[in-house]
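Have a look at the structure below, then the notes.
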Amino acid sequence: MTITDAVTTGLSDRWLGAPRPQTSREWIDRAEEVADILAVDAVERDRANATPRAEVQLLKDSGLVTLLGPRAHGGAGESWDTAYRVIRAVARGDGSIGQVLGYHYLWAWAARLVGTEEQIDAVEELYTANDFVFGGAVNPRDSDLVVREDGDDLVFSGRKSFSTGGQISDLTVLEGVLEGTETHIFAIVPTAQEGIVFGNDWDNLGQRLTESGSVEIRDVRVPWTAAAGFVDRVFQPLTYNTLNVPTIQLVFANFYLGIAQGALETASAYTRSTTRPWPYGGDDKQHATDEWYLLEGYGELASKLWADEALLDAVGSEISAVLHAPREDLTARRRGEIAVRIAAGKLRIVDDGLEVATKIYELTGARASANSVGLDIFWRNLRTHSLHDPIAYKKREVGDYVLRNEVPEPTWYT
């Protein structure tokens with residue numbers, strides 16, 4: 001059954017009338033159910049490269065969209081510690097949808113990162129009560145959107161070459177620079193409006209269902225009062241404001257891990273069912289699962305992913321504690337230490353994940369290279385997004401900390 005069939009025939013209605021998850025473990029189990037549904041036709045949907053509307057509806061029906069939303073408005077009120085594990089679980093079934101969900105969580109938290117208390121309350125009630133999904137037009141490698149004042153309004157204009165979530169989002173995060181100044185302004189606006197025009201040009205090697213194509217912002221108006229974190233048109237800075245980058249860098253690492261776990265799970269199932277033992281080694285086996293080099297290979301790859309998982313879980317707990325603590329408590333030093341730990345986790349899962357996605361071919365055999373098997377989806381997905389920013393700079397950040405006890409200064413990528 002395809003994901004579209006699952007939604008249209010009511011498979012995703014399995015949760016109607018079912019007890020709502022009450023614990024973190026139950027929410028992760030819910031994410032695993034979603035992953036199992038997504039995995040059934042992930043390859044076929046990847047090849048079709050269609051806008052993932054049914055997939056996003058599945059995320060909404062499952063309740064995962066409002067995982068971080070306040071319970072007062074119908075959300076789960078869960079922590080980022082749980083959110084990272086949920087992202088990972090969903091990515092096991094479909095790396096693209098794991099990314100969409102992870103970016104949604106980050107942008108849903110944007111008001112908390114930079115907004116005033118009143119803005120936080122308004123945004124969280126809006127998205128939680130309505131099951132809204134976020135996208136973002138914030139790619140920092142492009143020119144900033146231009147923001148001009150028009151009385152009590154701000155008007156955003158410009159173009160971004162990447163806008164993950166794009167056409168399947170209900171709300172879009174905009175970021176630009178106020179004309180004639182160096183002042184950056186964030187605002188959250190409805191996606192469905194004439195001034196937001198998507199390019200329909202996302203056709204990359206991997207992560208094909210993330211709706212990460214270009215977007216034009218044409219005179220999108222917001223009231224000055226919606227400028228996140230501004231009081232009387234003056235921004236109120238905190239170190240906490242800069243947690244957007246380490247938070248999303250750990251989002252990346254967790255859906256990379258989910259992709260790699262999906263690769264190993266899919267490959268091992270193929271080996272158990274289809275791979276044949278090698279008959280010319282002088283130590284003939286009746287079953288591939290008895291082959292010593294396959295046992296060694298799977299053992300090595302699994303060990304690396306288990307180690308990566310332990311590191312990502314540990315640093316996930318660290319940043320979660322900070323994200324849910326009073327915003328004024330965060331120091332620049334603590335923020336930097338967490339960023340270094342996240343960099344270490346990211347560089348490990350990129351190297352190990354790409355090794356898994358490549359080496360599984362050696363462990364499944366020549367016939368597993370058939371397009372009908374679809375093992376290539378894991379390498380393509382991981383390779384595509386892990387180019388987001390150079391991993392060499394993550395290694396340097398860790399080295400600076402180890403040798404010189406220096407933490408990275410906040411930038412759009414650190």
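By order of appearance in the structure tokens: chains A, B, ..., then residues from 1 within every chain, and ligands from 1 in the order shown.
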(message) Just want the 10 Å neighbourhood of A:Ile319, counted on only C-alpha atoms, with same-chain residues fewer than 3 positions away dropped. Output as a list in words.
(response) Trp80, Asp81, Leu243, Pro246, Thr247, Leu250, Ala314, Val315, Gly316, Val322, Leu323, His324, Ala325, Arg334, Arg335, Ile338, Ala339, Arg341 and Ile342 of chain A
(request) For stretch 105-121 of chain A, list every protein, DNA or RNA residue within 9 Å, evaluated using only C-alpha atoms, and leave out those in the same chain fewer than 2 positions away; present the list as a PyMOL selection string. (result) chain A and resi 65-69+80+83+100-103+123-127+133-136+172-173+186-188+225-231+236-238+240-244+247-248+251+323+327
(request) May I have the residues within 12 Å of A:Arg148 as a ChimeraX atom specification, using only C-alpha atoms and disregarding those fewer than 4 positions away in the same chain? (result) /A:152-158,176-181,183-185,219-224
(message) If you run DSSP on the backbone here, which positions in stretch 111-356 of chain A get strand (DSSP E)? Please write them as a PyMOL selection string.
(response) chain A and resi 134-137+145-150+153-160+171-178+184-190+196-198+215-223+230-231+234-235
So that I can check the secondary structure, give me every residue of stretch 141-247 of chain A assigned helix (DSSP H, G or I) by backbone DSSP, as a PDB file with N, CA and C atoms, in the first residue's frame.
```pdb
ATOM      1  N   GLY A 166       8.706  24.343   1.858  1.00  0.00           N
ATOM      2  CA  GLY A 166       8.023  25.074   0.812  1.00  0.00           C
ATOM      3  C   GLY A 166       6.527  24.896   0.694  1.00  0.00           C
ATOM      4  N   GLN A 167       6.129  24.191  -0.359  1.00  0.00           N
ATOM      5  CA  GLN A 167       4.723  24.155  -0.741  1.00  0.00           C
ATOM      6  C   GLN A 167       3.837  23.336   0.193  1.00  0.00           C
ATOM      7  N   ILE A 168       4.423  22.537   1.069  1.00  0.00           N
ATOM      8  CA  ILE A 168       3.590  21.748   1.977  1.00  0.00           C
ATOM      9  C   ILE A 168       3.448  22.432   3.341  1.00  0.00           C
ATOM     10  N   TRP A 224       4.784  45.680  12.189  1.00  0.00           N
ATOM     11  CA  TRP A 224       6.017  45.800  12.980  1.00  0.00           C
ATOM     12  C   TRP A 224       5.906  44.964  14.266  1.00  0.00           C
ATOM     13  N   THR A 225       4.706  44.868  14.796  1.00  0.00           N
ATOM     14  CA  THR A 225       4.530  44.117  16.044  1.00  0.00           C
ATOM     15  C   THR A 225       4.807  42.629  15.874  1.00  0.00           C
ATOM     16  N   ALA A 226       4.860  42.135  14.617  1.00  0.00           N
ATOM     17  CA  ALA A 226       5.157  40.722  14.361  1.00  0.00           C
ATOM     18  C   ALA A 226       6.647  40.465  14.158  1.00  0.00           C
ATOM     19  N   THR A 239      21.910  35.560  24.358  1.00  0.00           N
ATOM     20  CA  THR A 239      22.709  34.463  23.808  1.00  0.00           C
ATOM     21  C   THR A 239      21.800  33.349  23.314  1.00  0.00           C
ATOM     22  N   TYR A 240      20.687  33.146  24.000  1.00  0.00           N
ATOM     23  CA  TYR A 240      19.717  32.113  23.627  1.00  0.00           C
ATOM     24  C   TYR A 240      19.251  32.264  22.177  1.00  0.00           C
ATOM     25  N   ASN A 241      19.220  33.506  21.676  1.00  0.00           N
ATOM     26  CA  ASN A 241      18.779  33.752  20.300  1.00  0.00           C
ATOM     27  C   ASN A 241      19.608  32.968  19.291  1.00  0.00           C
ATOM     28  N   THR A 242      20.863  32.666  19.633  1.00  0.00           N
ATOM     29  CA  THR A 242      21.791  32.042  18.681  1.00  0.00           C
ATOM     30  C   THR A 242      21.746  30.517  18.712  1.00  0.00           C
ATOM     31  N   LEU A 243      20.806  29.954  19.471  1.00  0.00           N
ATOM     32  CA  LEU A 243      20.722  28.488  19.545  1.00  0.00           C
ATOM     33  C   LEU A 243      20.097  27.863  18.302  1.00  0.00           C
ATOM     34  N   ASN A 244      19.617  28.696  17.375  1.00  0.00           N
ATOM     35  CA  ASN A 244      19.010  28.117  16.175  1.00  0.00           C
ATOM     36  C   ASN A 244      19.982  27.228  15.413  1.00  0.00           C
ATOM     37  N   VAL A 245      21.257  27.623  15.343  1.00  0.00           N
ATOM     38  CA  VAL A 245      22.216  26.855  14.545  1.00  0.00           C
ATOM     39  C   VAL A 245      22.591  25.532  15.206  1.00  0.00           C
ATOM     40  N   PRO A 246      23.059  25.502  16.464  1.00  0.00           N
ATOM     41  CA  PRO A 246      23.328  24.179  17.044  1.00  0.00           C
ATOM     42  C   PRO A 246      22.094  23.286  17.114  1.00  0.00           C
ATOM     43  N   THR A 247      20.925  23.890  17.326  1.00  0.00           N
ATOM     44  CA  THR A 247      19.700  23.085  17.375  1.00  0.00           C
ATOM     45  C   THR A 247      19.455  22.387  16.051  1.00  0.00           C
TER      46      THR A 247
END
```
(message) Using only C-alpha atoms for the distances, tell me which of A:Asp46, A:Glu175, A:Glu32, A:Asp313 is nearest to A:Thr82.
(response) A:Asp313
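A straight line drawn from atom CA of A:Arg404 to atom CA of A:Asp352 is 26.6 Å long.
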(request) Point out the residue among A:Gly365, A:Gly345, A:Pro19, A:Pro410 with the least atom-to-atom distance to A:Lys395, counting only C-alpha atoms. (result) A:Gly345
